[in-house]
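File shown: data.tsv. Contents: TSV, C-alpha atoms.
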```tsv
chain	number	residue	atom	x	y	z
A	1	MET	CA	-24.12	-44.91	-30.43
A	2	THR	CA	-26.85	-42.69	-31.88
A	3	LYS	CA	-26.08	-39.43	-33.64
A	4	PRO	CA	-27.77	-37.27	-30.95
A	5	THR	CA	-25.69	-39.03	-28.29
A	6	ARG	CA	-22.46	-38.41	-30.23
A	7	VAL	CA	-23.38	-34.72	-30.64
A	8	MET	CA	-24.06	-34.38	-26.92
A	9	LEU	CA	-20.73	-36.00	-26.00
A	10	VAL	CA	-18.76	-33.85	-28.44
A	11	THR	CA	-20.52	-30.72	-27.18
A	12	ALA	CA	-19.81	-31.65	-23.56
A	13	PHE	CA	-16.16	-32.28	-24.42
A	14	VAL	CA	-15.80	-28.91	-26.14
A	15	ILE	CA	-17.44	-27.08	-23.24
A	16	PHE	CA	-15.21	-28.91	-20.76
A	17	SER	CA	-12.12	-28.09	-22.81
A	18	VAL	CA	-12.98	-24.38	-23.04
A	19	VAL	CA	-13.72	-24.16	-19.32
A	20	PHE	CA	-10.48	-26.01	-18.56
A	21	LEU	CA	-8.43	-23.69	-20.75
A	22	ILE	CA	-10.00	-20.57	-19.29
A	23	HIS	CA	-9.57	-21.91	-15.77
A	24	SER	CA	-5.95	-22.84	-16.45
A	25	HIS	CA	-5.21	-19.43	-17.99
A	26	VAL	CA	-6.62	-17.57	-14.99
A	27	PHE	CA	-4.60	-19.66	-12.60
A	28	ALA	CA	-1.51	-19.32	-14.79
A	29	GLU	CA	-1.63	-15.57	-14.21
A	30	ILE	CA	-1.21	-15.89	-10.44
A	31	SER	CA	2.12	-16.90	-8.91
A	32	ARG	CA	2.71	-17.71	-5.29
A	33	LEU	CA	6.00	-16.04	-4.35
A	34	THR	CA	6.27	-17.52	-0.86
A	35	ASN	CA	5.37	-20.88	0.61
A	36	ASN	CA	6.50	-21.39	4.18
A	37	SER	CA	5.27	-21.66	7.75
A	38	TYR	CA	5.69	-17.97	8.58
A	39	ASP	CA	3.86	-14.76	7.84
A	40	ASP	CA	4.91	-12.76	4.77
A	41	LYS	CA	3.25	-9.36	4.67
A	42	TYR	CA	2.93	-5.87	3.22
A	43	PRO	CA	4.27	-6.43	-0.31
A	44	GLN	CA	5.24	-3.56	-2.60
A	45	ILE	CA	5.94	-3.74	-6.35
A	46	ASN	CA	7.95	-1.47	-8.65
A	47	ALA	CA	7.62	-0.70	-12.38
A	48	GLY	CA	9.94	-3.58	-13.30
A	49	GLY	CA	7.92	-6.14	-11.37
A	50	TYR	CA	10.34	-6.44	-8.46
A	51	VAL	CA	8.48	-7.24	-5.23
A	52	VAL	CA	9.58	-6.59	-1.63
A	53	TRP	CA	7.98	-7.62	1.64
A	54	HIS	CA	8.82	-8.49	5.21
A	55	GLY	CA	8.54	-12.04	6.44
A	56	SER	CA	9.35	-13.98	9.57
A	57	ASN	CA	12.37	-16.27	9.63
A	58	ASP	CA	13.12	-19.41	11.64
A	59	ASP	CA	13.77	-17.31	14.75
A	60	ASN	CA	10.41	-15.57	14.34
A	61	TYR	CA	12.00	-12.21	13.51
A	62	ASP	CA	10.83	-10.23	10.51
A	63	GLU	CA	13.34	-9.89	7.66
A	64	ILE	CA	13.25	-8.11	4.27
A	65	PHE	CA	12.88	-10.12	1.05
A	66	ILE	CA	13.06	-9.10	-2.62
A	67	TYR	CA	11.82	-10.99	-5.68
A	68	ASP	CA	13.43	-9.88	-8.95
A	69	GLY	CA	11.14	-11.73	-11.33
A	70	THR	CA	13.13	-14.93	-11.08
A	71	THR	CA	14.60	-15.46	-7.65
A	72	THR	CA	13.92	-14.32	-4.09
A	73	THR	CA	16.77	-12.84	-2.03
A	74	LYS	CA	16.82	-12.24	1.70
A	75	LEU	CA	18.19	-8.72	2.21
A	76	THR	CA	18.46	-8.86	5.99
A	77	ASP	CA	19.42	-11.58	8.43
A	78	ASN	CA	19.64	-10.58	12.07
A	79	SER	CA	17.99	-11.05	15.46
A	80	TYR	CA	15.77	-7.98	15.24
A	81	ILE	CA	12.74	-6.93	13.25
A	82	ASP	CA	13.04	-5.31	9.82
A	83	TRP	CA	9.80	-3.87	8.59
A	84	ASP	CA	7.76	-1.96	6.03
A	85	PRO	CA	10.00	-2.09	2.92
A	86	GLN	CA	9.43	0.31	0.02
A	87	ILE	CA	10.98	-0.02	-3.45
A	88	ASN	CA	11.60	2.44	-6.28
A	89	ALA	CA	11.83	1.90	-10.04
A	90	ASP	CA	15.59	1.25	-9.88
A	91	GLY	CA	15.19	-1.51	-7.32
A	92	TYR	CA	16.43	0.53	-4.37
A	93	VAL	CA	14.77	-0.64	-1.16
A	94	VAL	CA	14.28	1.26	2.08
A	95	TRP	CA	12.91	0.02	5.41
A	96	TYR	CA	13.13	0.54	9.14
A	97	GLY	CA	14.77	-1.99	11.42
A	98	TYR	CA	15.53	-2.41	15.08
A	99	ASP	CA	19.23	-2.18	15.99
A	100	GLY	CA	19.03	-3.38	19.58
A	101	ASN	CA	18.07	0.02	20.99
A	102	ASP	CA	15.57	1.66	18.66
A	103	CYS	CA	14.39	1.66	15.04
A	104	GLU	CA	16.67	3.03	12.33
A	105	ILE	CA	16.40	3.58	8.54
A	106	PHE	CA	18.20	1.29	6.09
A	107	LEU	CA	18.74	1.63	2.33
A	108	TYR	CA	19.65	-1.13	-0.15
A	109	ASP	CA	20.94	0.20	-3.50
A	110	GLY	CA	20.94	-3.08	-5.40
A	111	ALA	CA	24.38	-4.04	-4.13
A	112	THR	CA	24.96	-2.88	-0.57
A	113	THR	CA	22.90	-1.86	2.45
A	114	THR	CA	23.56	1.48	4.19
A	115	GLN	CA	22.22	2.51	7.58
A	116	LEU	CA	20.96	6.05	7.04
A	117	THR	CA	20.27	6.85	10.70
A	118	ASP	CA	22.12	6.00	13.90
A	119	ASN	CA	20.77	7.66	17.00
A	120	SER	CA	18.95	6.93	20.26
A	121	TYR	CA	15.44	7.57	18.97
A	122	THR	CA	12.95	5.87	16.69
A	123	ASP	CA	13.07	6.50	12.92
A	124	TRP	CA	10.38	4.74	10.92
A	125	TYR	CA	8.01	4.48	7.94
A	126	PRO	CA	10.40	5.61	5.18
A	127	GLN	CA	9.37	6.34	1.60
A	128	ILE	CA	11.70	6.46	-1.43
A	129	SER	CA	11.53	8.45	-4.66
A	130	ALA	CA	12.47	7.36	-8.17
A	131	GLY	CA	15.79	9.19	-7.81
A	132	GLY	CA	16.65	7.63	-4.47
A	133	CYS	CA	15.60	10.41	-2.11
A	134	VAL	CA	14.36	8.95	1.18
A	135	VAL	CA	11.97	10.59	3.63
A	136	TRP	CA	10.87	9.37	7.06
A	137	SER	CA	9.48	10.38	10.42
A	138	GLY	CA	11.99	10.38	13.26
A	139	HIS	CA	11.80	11.16	16.93
A	140	ASP	CA	14.09	13.92	18.25
A	141	GLY	CA	13.61	13.24	21.96
A	142	ASN	CA	10.51	15.40	22.16
A	143	ASP	CA	8.29	14.57	19.20
A	144	PHE	CA	8.37	13.21	15.64
A	145	GLU	CA	9.94	15.33	12.89
A	146	ILE	CA	10.39	14.87	9.11
A	147	PHE	CA	13.82	13.99	7.69
A	148	LEU	CA	14.95	13.89	4.04
A	149	TYR	CA	17.98	12.07	2.62
A	150	ASP	CA	18.85	13.35	-0.86
A	151	GLY	CA	21.37	10.65	-1.76
A	152	THR	CA	24.23	12.43	-0.02
A	153	THR	CA	23.11	14.26	3.09
A	154	THR	CA	20.18	14.21	5.50
A	155	ALA	CA	18.19	17.35	6.24
A	156	GLN	CA	15.63	17.84	9.01
A	157	LEU	CA	12.63	19.46	7.32
A	158	THR	CA	10.67	20.22	10.49
A	159	ASP	CA	11.68	21.39	13.96
A	160	ASN	CA	8.82	22.22	16.28
A	161	LEU	CA	7.10	21.12	19.47
A	162	TYR	CA	4.55	18.86	17.77
A	163	SER	CA	4.66	15.60	15.84
A	164	ASP	CA	4.93	15.51	12.04
A	165	MET	CA	3.95	12.17	10.56
A	166	SER	CA	3.24	10.04	7.50
A	167	PRO	CA	5.56	11.69	4.92
A	168	GLN	CA	5.16	10.90	1.22
A	169	ILE	CA	7.58	11.83	-1.56
A	170	ASN	CA	7.34	12.30	-5.34
A	171	ASP	CA	9.90	11.89	-8.14
A	172	ASN	CA	11.12	15.48	-7.66
A	173	CYS	CA	11.88	14.84	-3.98
A	174	HIS	CA	8.97	17.05	-2.96
A	175	VAL	CA	7.54	15.92	0.37
A	176	VAL	CA	4.10	16.11	1.93
A	177	TRP	CA	3.03	15.15	5.46
A	178	TYR	CA	0.56	15.95	8.20
A	179	GLY	CA	1.57	17.69	11.40
A	180	TYR	CA	-0.06	18.81	14.59
A	181	ASP	CA	-0.26	22.59	15.06
A	182	GLY	CA	-1.34	22.65	18.68
A	183	ASN	CA	-5.03	22.28	17.87
A	184	ASP	CA	-5.44	19.71	15.11
A	185	ARG	CA	-3.58	18.03	12.26
A	186	GLU	CA	-2.78	20.03	9.11
A	187	ILE	CA	-1.14	19.30	5.72
A	188	PHE	CA	2.35	20.57	4.85
A	189	LEU	CA	4.25	20.56	1.54
A	190	TYR	CA	8.02	20.90	1.00
A	191	ASP	CA	8.83	21.79	-2.64
A	192	GLY	CA	12.59	21.35	-2.45
A	193	ALA	CA	13.17	24.87	-1.15
A	194	THR	CA	10.37	26.00	1.15
A	195	THR	CA	7.61	24.47	3.26
A	196	THR	CA	4.01	25.58	2.77
A	197	GLN	CA	1.10	24.82	5.10
A	198	LEU	CA	-1.69	23.76	2.73
A	199	THR	CA	-4.46	23.68	5.34
A	200	ASP	CA	-5.25	25.89	8.30
A	201	ASN	CA	-8.54	25.15	9.98
A	202	SER	CA	-10.04	23.72	13.14
A	203	TYR	CA	-10.42	20.16	11.87
A	204	THR	CA	-8.21	17.19	11.19
A	205	ASP	CA	-6.47	16.88	7.80
A	206	TRP	CA	-4.26	13.85	7.37
A	207	TYR	CA	-2.70	11.05	5.29
A	208	PRO	CA	-1.73	13.10	2.22
A	209	GLN	CA	-0.43	11.63	-1.05
A	210	ILE	CA	1.55	13.49	-3.73
A	211	ASN	CA	2.03	12.80	-7.45
A	212	ALA	CA	4.87	13.66	-9.84
A	213	GLY	CA	3.26	16.99	-10.74
A	214	GLY	CA	3.09	18.09	-7.12
A	215	TYR	CA	-0.66	17.62	-6.77
A	216	VAL	CA	-1.62	16.63	-3.23
A	217	VAL	CA	-4.71	14.74	-2.07
A	218	TRP	CA	-5.79	14.04	1.49
A	219	SER	CA	-8.70	13.26	3.76
A	220	GLY	CA	-9.97	16.15	5.86
A	221	HIS	CA	-12.76	16.69	8.34
A	222	ASP	CA	-15.44	19.26	7.53
A	223	ASP	CA	-17.00	19.36	11.01
A	224	ASN	CA	-19.30	16.53	10.05
A	225	ASP	CA	-17.25	13.75	8.47
A	226	LEU	CA	-14.10	13.09	6.44
A	227	GLU	CA	-14.04	14.38	2.85
A	228	ILE	CA	-11.46	14.28	0.01
A	229	PHE	CA	-9.46	17.42	-0.83
A	230	LEU	CA	-7.13	18.12	-3.77
A	231	TYR	CA	-4.39	20.73	-3.97
A	232	GLY	CA	-3.63	21.39	-7.65
A	233	GLY	CA	-0.51	23.53	-7.26
A	234	ALA	CA	-2.37	26.79	-6.71
A	235	THR	CA	-5.78	26.16	-5.17
A	236	THR	CA	-7.47	23.49	-3.08
A	237	THR	CA	-10.69	21.81	-4.22
A	238	GLN	CA	-13.07	19.75	-2.09
A	239	LEU	CA	-13.87	16.74	-4.26
A	240	THR	CA	-16.56	15.22	-2.04
A	241	ASN	CA	-19.31	16.70	0.06
A	242	ASN	CA	-21.70	14.31	1.75
A	243	SER	CA	-22.64	12.96	5.16
A	244	TYR	CA	-20.25	10.00	5.23
A	245	ASP	CA	-16.53	9.41	5.57
A	246	GLU	CA	-14.25	9.36	2.50
A	247	GLU	CA	-10.78	7.94	3.21
A	248	GLU	CA	-7.67	6.16	1.88
A	249	SER	CA	-7.19	8.48	-1.10
A	250	GLN	CA	-4.49	7.74	-3.69
A	251	ILE	CA	-3.43	9.84	-6.71
A	252	ASN	CA	-1.64	8.85	-9.92
A	253	ASP	CA	0.67	11.00	-12.05
A	254	ASN	CA	-2.21	11.97	-14.34
A	255	GLY	CA	-4.20	13.39	-11.45
A	256	TYR	CA	-6.69	10.52	-11.23
A	257	ILE	CA	-7.76	9.92	-7.63
A	258	VAL	CA	-9.26	6.86	-6.01
A	259	TRP	CA	-10.65	6.44	-2.49
A	260	GLN	CA	-13.01	4.46	-0.33
A	261	GLY	CA	-16.23	6.12	0.73
A	262	PHE	CA	-18.98	5.10	3.09
A	263	ASP	CA	-22.47	5.10	1.55
A	264	GLY	CA	-24.41	4.74	4.77
A	265	ALA	CA	-24.10	0.98	4.91
A	266	TYR	CA	-20.79	-0.12	3.38
A	267	TYR	CA	-17.51	1.23	2.05
A	268	GLU	CA	-17.39	1.51	-1.75
A	269	ILE	CA	-14.66	2.52	-4.24
A	270	PHE	CA	-14.77	5.86	-6.07
A	271	LEU	CA	-12.64	7.18	-8.95
A	272	TYR	CA	-12.12	10.82	-9.96
A	273	ASP	CA	-10.66	11.29	-13.46
A	274	GLY	CA	-9.96	15.01	-13.25
A	275	LYS	CA	-13.50	15.95	-14.24
A	276	THR	CA	-16.07	13.51	-12.92
A	277	THR	CA	-16.36	10.98	-10.11
A	278	THR	CA	-17.43	7.40	-10.82
A	279	GLN	CA	-18.52	4.86	-8.23
A	280	LEU	CA	-16.70	1.66	-9.18
A	281	THR	CA	-18.44	-0.63	-6.70
A	282	LYS	CA	-21.97	-0.86	-5.38
A	283	ASN	CA	-22.78	-3.92	-3.33
A	284	SER	CA	-23.72	-5.10	0.14
A	285	TYR	CA	-20.14	-5.56	1.36
A	286	ASP	CA	-17.13	-3.41	2.17
A	287	ASP	CA	-14.63	-2.53	-0.57
A	288	THR	CA	-11.49	-0.90	0.83
A	289	ARG	CA	-7.77	-0.15	0.40
A	290	PRO	CA	-7.78	1.05	-3.24
A	291	GLN	CA	-4.56	1.63	-5.22
A	292	ILE	CA	-4.23	3.18	-8.69
A	293	ASN	CA	-1.55	3.08	-11.39
A	294	ASP	CA	-0.73	5.74	-14.00
A	295	ASN	CA	-2.96	4.03	-16.59
A	296	GLY	CA	-5.98	4.42	-14.33
A	297	TYR	CA	-6.16	0.76	-13.33
A	298	VAL	CA	-7.52	0.35	-9.81
A	299	VAL	CA	-7.15	-2.56	-7.38
A	300	TRP	CA	-8.78	-3.06	-4.00
A	301	GLN	CA	-9.82	-5.64	-1.46
A	302	GLY	CA	-13.51	-6.44	-1.32
A	303	PHE	CA	-15.54	-8.59	0.99
A	304	ASP	CA	-17.63	-11.25	-0.80
A	305	GLY	CA	-19.79	-12.33	2.15
A	306	ASN	CA	-17.23	-14.82	3.37
A	307	ASP	CA	-13.78	-13.24	3.16
A	308	TYR	CA	-11.78	-10.53	1.39
A	309	GLU	CA	-10.85	-11.00	-2.27
A	310	ILE	CA	-8.82	-8.92	-4.76
A	311	PHE	CA	-10.54	-6.93	-7.51
A	312	LEU	CA	-9.08	-5.13	-10.54
A	313	TYR	CA	-10.70	-2.38	-12.62
A	314	ASP	CA	-8.95	-1.84	-15.98
A	315	GLY	CA	-10.72	1.34	-17.03
A	316	THR	CA	-13.67	-0.56	-18.48
A	317	THR	CA	-14.48	-3.71	-16.56
A	318	THR	CA	-13.90	-5.10	-13.08
A	319	THR	CA	-12.35	-8.56	-12.64
A	320	GLN	CA	-12.24	-10.58	-9.45
A	321	LEU	CA	-8.66	-11.87	-9.33
A	322	THR	CA	-9.11	-14.24	-6.37
A	323	ASP	CA	-11.92	-16.52	-5.27
A	324	ASN	CA	-11.23	-18.72	-2.25
A	325	SER	CA	-12.12	-19.23	1.40
A	326	TYR	CA	-9.42	-17.01	2.92
A	327	ASP	CA	-8.60	-13.32	3.10
A	328	ASP	CA	-6.64	-11.68	0.26
A	329	THR	CA	-5.75	-8.12	1.21
A	330	LEU	CA	-3.50	-5.07	0.78
A	331	PRO	CA	-3.08	-5.14	-3.02
A	332	GLN	CA	-0.51	-3.00	-4.85
A	333	ILE	CA	-0.32	-2.42	-8.62
A	334	ASN	CA	2.43	-1.22	-10.97
A	335	ASN	CA	2.08	0.61	-14.28
A	336	ASN	CA	2.22	-2.65	-16.25
A	337	GLY	CA	-0.86	-3.95	-14.45
A	338	TYR	CA	0.98	-6.43	-12.26
A	339	VAL	CA	-0.73	-6.84	-8.88
A	340	VAL	CA	0.77	-8.15	-5.65
A	341	TRP	CA	-0.97	-8.87	-2.36
A	342	GLN	CA	-0.77	-10.90	0.82
A	343	GLY	CA	-3.05	-13.89	1.17
A	344	PHE	CA	-3.86	-16.31	3.92
A	345	ASP	CA	-3.40	-19.97	2.93
A	346	GLY	CA	-5.07	-21.56	5.95
A	347	ASP	CA	-1.92	-21.44	8.07
A	348	ASP	CA	-0.20	-18.10	7.56
A	349	ASP	CA	0.06	-15.11	5.21
A	350	GLU	CA	1.91	-15.56	1.91
A	351	ILE	CA	2.74	-13.28	-1.05
A	352	PHE	CA	0.96	-13.61	-4.40
A	353	LEU	CA	1.59	-11.98	-7.77
A	354	TYR	CA	-0.84	-11.47	-10.66
A	355	ALA	CA	0.88	-11.04	-14.03
A	356	PRO	CA	-1.65	-10.09	-16.75
A	357	ASP	CA	0.41	-11.46	-19.63
A	358	ALA	CA	1.84	-14.54	-17.94
A	359	GLU	CA	0.94	-17.63	-19.97
A	360	ASP	CA	3.43	-20.09	-18.55
A	361	ASP	CA	3.22	-19.73	-14.78
A	362	ASP	CA	2.69	-23.13	-13.20
A	363	ASP	CA	2.15	-21.93	-9.67
A	364	ASP	CA	-1.62	-21.85	-9.53
A	365	ASP	CA	-2.19	-21.34	-5.86
A	366	ASP	CA	-5.00	-18.85	-5.39
A	367	ASN	CA	-5.15	-17.66	-1.83
A	368	ASP	CA	-6.17	-15.28	0.80
A	369	GLU	CA	-4.66	-13.10	3.48
A	370	ASP	CA	-5.02	-11.55	6.81
A	371	ASP	CA	-6.35	-8.00	6.93
A	372	ASP	CA	-3.72	-6.87	9.38
A	373	ASP	CA	-3.20	-3.14	9.63
A	374	GLY	CA	0.06	-3.31	11.45
A	375	GLY	CA	1.87	-4.38	14.53
A	376	ASN	CA	5.36	-5.12	15.63
A	377	GLY	CA	5.69	-8.31	13.63
A	378	GLY	CA	7.09	-11.63	14.76
A	379	GLY	CA	9.53	-11.44	17.64
A	380	GLY	CA	9.39	-7.68	17.51
A	381	SER	CA	11.15	-5.43	19.93
A	382	GLY	CA	11.52	-1.83	20.79
A	383	CYS	CA	10.24	0.23	17.84
A	384	PHE	CA	7.23	1.57	19.65
A	385	ILE	CA	7.26	4.49	22.02
A	386	SER	CA	5.30	3.84	25.17
A	387	THR	CA	6.14	6.93	27.20
A	388	VAL	CA	5.85	9.65	24.59
A	389	SER	CA	2.59	10.83	23.12
A	390	ILE	CA	2.82	11.15	19.35
A	391	PHE	CA	0.66	14.26	19.36
A	392	LYS	CA	1.36	16.71	22.14
```

As structure tokens:
Amino acid sequence: MTKPTRVMLVTAFVIFSVVFLIHSHVFAEISRLTNNSYDDKYPQINAGGYVVWHGSNDDNYDEIFIYDGTTTTKLTDNSYIDWDPQINADGYVVWYGYDGNDCEIFLYDGATTTQLTDNSYTDWYPQISAGGCVVWSGHDGNDFEIFLYDGTTTAQLTDNLYSDMSPQINDNCHVVWYGYDGNDREIFLYDGATTTQLTDNSYTDWYPQINAGGYVVWSGHDDNDLEIFLYGGATTTQLTNNSYDEEESQINDNGYIVWQGFDGAYYEIFLYDGKTTTQLTKNSYDDTRPQINDNGYVVWQGFDGNDYEIFLYDGTTTTQLTDNSYDDTLPQINNNGYVVWQGFDGDDDEIFLYAPDAEDDDDDDDNDEDDDDGGNGGGGSGCFISTVSIFK
């Protein structure tokens, strides 16, 4: 063998080895938490890396599952749907489930499950604070109102003739939501003592989010399109002003805000750091559903020309976490940079977890998921109101 030939072989071997190691490391960071013949969807992750989701069982009913970093436990097992779990830093889990008549709210405290509501009307879409306060939207026979459980008792925060929806809660048990006022939807804030109407105009304001400091962000119409607005505790600032829709805003505890905005052709991701706005993506495909952690890391789902993949921005660079032939969607991120999402594997939706410091994970399935915005789930029954208009 000639010297040039030996050099070429050694060089090829080194290059192969480096590529193999890099490839193995990337795959080692992604774990597949579920692997079955049923859909597993809408994962959420807490600061400790616990993951919850709802998944179909053998009877095709949706149940609640929790992964604690080592094992997966099935929290519910019944003949009805259990849906939309949320988890706080202590591992408390809240969800809504059908009880044979309507949807009710359930709370798991790490040991036992308590049914927080028991009535003849639908209660759904709960959120839980770090301290265990739970807020949800519940029907009162006429319209949807906002209810708050403080760990001991339940209080009805609203009582009017119109629907109040989509409540969010912060660590101080302050609650924000949007409600119809007879003309359009407006934003309301409960600070633990009183309720303040943050908006009062002739256009729709909806889907607010609140951070630990009580700052509120939402998407509001300006008579032309949807823009992003920020309430800073005293005044409201319009963060965007253009001719296209800005939606899906999220805020972290440092006041950083992320959203998806239309640029005339596609949806892109934008980040506001308290002073300036940066466009994180600029391509020929849609980037949507952004989430942000307290370190300013942003995740989203982006179309790559074939399907949706997961992307992560770490404050400096953007990394594509998935690269396959199926949809990966609905990412969530915790403050340690762990990312969870649902991904389609060619047969059904499964749950995947990206751990930035994981060196030893063997489960190297990289996948994709279905961009499903909702529904009643497998075998669902009875949570939806067919005879009552949500907004009256």

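With only C-alpha atoms taken into account, the protein and nucleic acid residues at most 9 Å from Tyr297 in chain A (excluding it and anything under 4 positions from it in its own chain) are Gln291, Ile292, Asn293, Leu312, Tyr313, Asp314, Gly315, Ile333, Asn335 and Gly337 of chain A.
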
Just the selected residues (C-alpha atoms), exported as a PDB file, in the coordinates of the input, please.
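Dumped to again-v1.pdb:
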```pdb
ATOM      1  CA  GLN A 291      -4.560   1.630  -5.220  1.00  0.00           C
ATOM      2  CA  ILE A 292      -4.230   3.180  -8.690  1.00  0.00           C
ATOM      3  CA  ASN A 293      -1.550   3.080 -11.390  1.00  0.00           C
ATOM      4  CA  LEU A 312      -9.080  -5.130 -10.540  1.00  0.00           C
ATOM      5  CA  TYR A 313     -10.700  -2.380 -12.620  1.00  0.00           C
ATOM      6  CA  ASP A 314      -8.950  -1.840 -15.980  1.00  0.00           C
ATOM      7  CA  GLY A 315     -10.720   1.340 -17.030  1.00  0.00           C
ATOM      8  CA  ILE A 333      -0.320  -2.420  -8.620  1.00  0.00           C
ATOM      9  CA  ASN A 335       2.080   0.610 -14.280  1.00  0.00           C
ATOM     10  CA  GLY A 337      -0.860  -3.950 -14.450  1.00  0.00           C
TER      11      GLY A 337
END
```

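In this comparison, which uses all atoms listed in the file, the residue of A:Gln342, A:Asn36, A:Asn324, A:Asn78 approaching Gly305 in chain A most closely is A:Asn324.
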
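You will find CA of Thr114 in chain A at 20.1 Å from CA of Asp68 in chain A.
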
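For the set A:Ile251, A:Ile310, A:Ala193, A:Cys133, the residue with the smallest atom-to-atom gap to Tyr354 in chain A is A:Ile310, counting all atoms listed in the file.
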
Of the listed residues A:Asp223, A:Glu104, A:Glu247, A:Asp347, that which approaches Thr288 in chain A most closely, counting only C-alpha atoms: A:Glu247

When you look at Ile105 in chain A with a cut-off of 7 Å (counting all atoms listed in the file), what residues show up, excluding the ones that are within fewer than 2 positions of it in the same chain? I need them as a PDB file with C-alpha atoms, in the coordinates of the input.
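What follows is the written file around.pdb:
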```
ATOM      1  CA  TRP A  95      12.910   0.020   5.410  1.00  0.00           C
ATOM      2  CA  TYR A  96      13.130   0.540   9.140  1.00  0.00           C
ATOM      3  CA  GLY A  97      14.770  -1.990  11.420  1.00  0.00           C
ATOM      4  CA  LEU A 107      18.740   1.630   2.330  1.00  0.00           C
ATOM      5  CA  GLN A 115      22.220   2.510   7.580  1.00  0.00           C
ATOM      6  CA  LEU A 116      20.960   6.050   7.040  1.00  0.00           C
ATOM      7  CA  THR A 117      20.270   6.850  10.700  1.00  0.00           C
ATOM      8  CA  ASP A 123      13.070   6.500  12.920  1.00  0.00           C
ATOM      9  CA  TRP A 124      10.380   4.740  10.920  1.00  0.00           C
TER      10      TRP A 124
END
```

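Reported to one decimal place, the separation of CA of Thr122 in chain A from CA of Gly141 in chain A is 9.1 Å.
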
Distance query range 155-166 of chain A at most 8 Å, only C-alpha atoms, self and fewer than 5 positions along chain excluded, as number ranges by chain: A: 125, 136-137, 142-149, 177-182, 190, 207-208, 390-392

Residues of the last selection are to be written out with C-alpha atoms, as a CSV table (one decimal), in the frame of the given file.
```csv
chain,number,residue,atom,x,y,z
A,125,TYR,CA,8.0,4.5,7.9
A,136,TRP,CA,10.9,9.4,7.1
A,137,SER,CA,9.5,10.4,10.4
A,142,ASN,CA,10.5,15.4,22.2
A,143,ASP,CA,8.3,14.6,19.2
A,144,PHE,CA,8.4,13.2,15.6
A,145,GLU,CA,9.9,15.3,12.9
A,146,ILE,CA,10.4,14.9,9.1
A,147,PHE,CA,13.8,14.0,7.7
A,148,LEU,CA,15.0,13.9,4.0
A,149,TYR,CA,18.0,12.1,2.6
A,177,TRP,CA,3.0,15.2,5.5
A,178,TYR,CA,0.6,16.0,8.2
A,179,GLY,CA,1.6,17.7,11.4
A,180,TYR,CA,-0.1,18.8,14.6
A,181,ASP,CA,-0.3,22.6,15.1
A,182,GLY,CA,-1.3,22.6,18.7
A,190,TYR,CA,8.0,20.9,1.0
A,207,TYR,CA,-2.7,11.0,5.3
A,208,PRO,CA,-1.7,13.1,2.2
A,390,ILE,CA,2.8,11.2,19.4
A,391,PHE,CA,0.7,14.3,19.4
A,392,LYS,CA,1.4,16.7,22.1
```

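The spacing separating CA of Ser129 in chain A from CA of Ala89 in chain A amounts to 8.5 Å.
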
Shell around Asp273 in chain A at 7 Å using all atoms listed in the file, local window under 3 positions removed, as a PyMOL selection string: chain A and resi 256-257+276-277

Quick one: write out the picked residues with C-alpha atoms as a tab-separated table (two decimals), in the coordinates of the input?
```tsv
chain	number	residue	atom	x	y	z
A	256	TYR	CA	-6.69	10.52	-11.23
A	257	ILE	CA	-7.76	9.92	-7.63
A	276	THR	CA	-16.07	13.51	-12.92
A	277	THR	CA	-16.36	10.98	-10.11
```

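By all atoms listed in the file, and with residues fewer than 3 positions from Ala355 in chain A along its chain excluded, the set lying at most 7 Å from it is Glu29, Ile30, Tyr338, Val339 and Ala358 of chain A.
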
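Across A:Leu280, A:Ile87, A:Leu321, A:Ile269, the tightest approach to Tyr42 in chain A is made by A:Ile87 when counting all atoms listed in the file.
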
Nearest residue to Asp294 in chain A from the set A:Val135, A:Leu75, A:Ile228, A:Ala212 (distances using all atoms listed in the file): A:Ala212

Pick from A:Tyr272, A:Phe262, A:Phe106, A:Tyr67 nearest to Pro43 in chain A, counting only C-alpha atoms: A:Tyr67
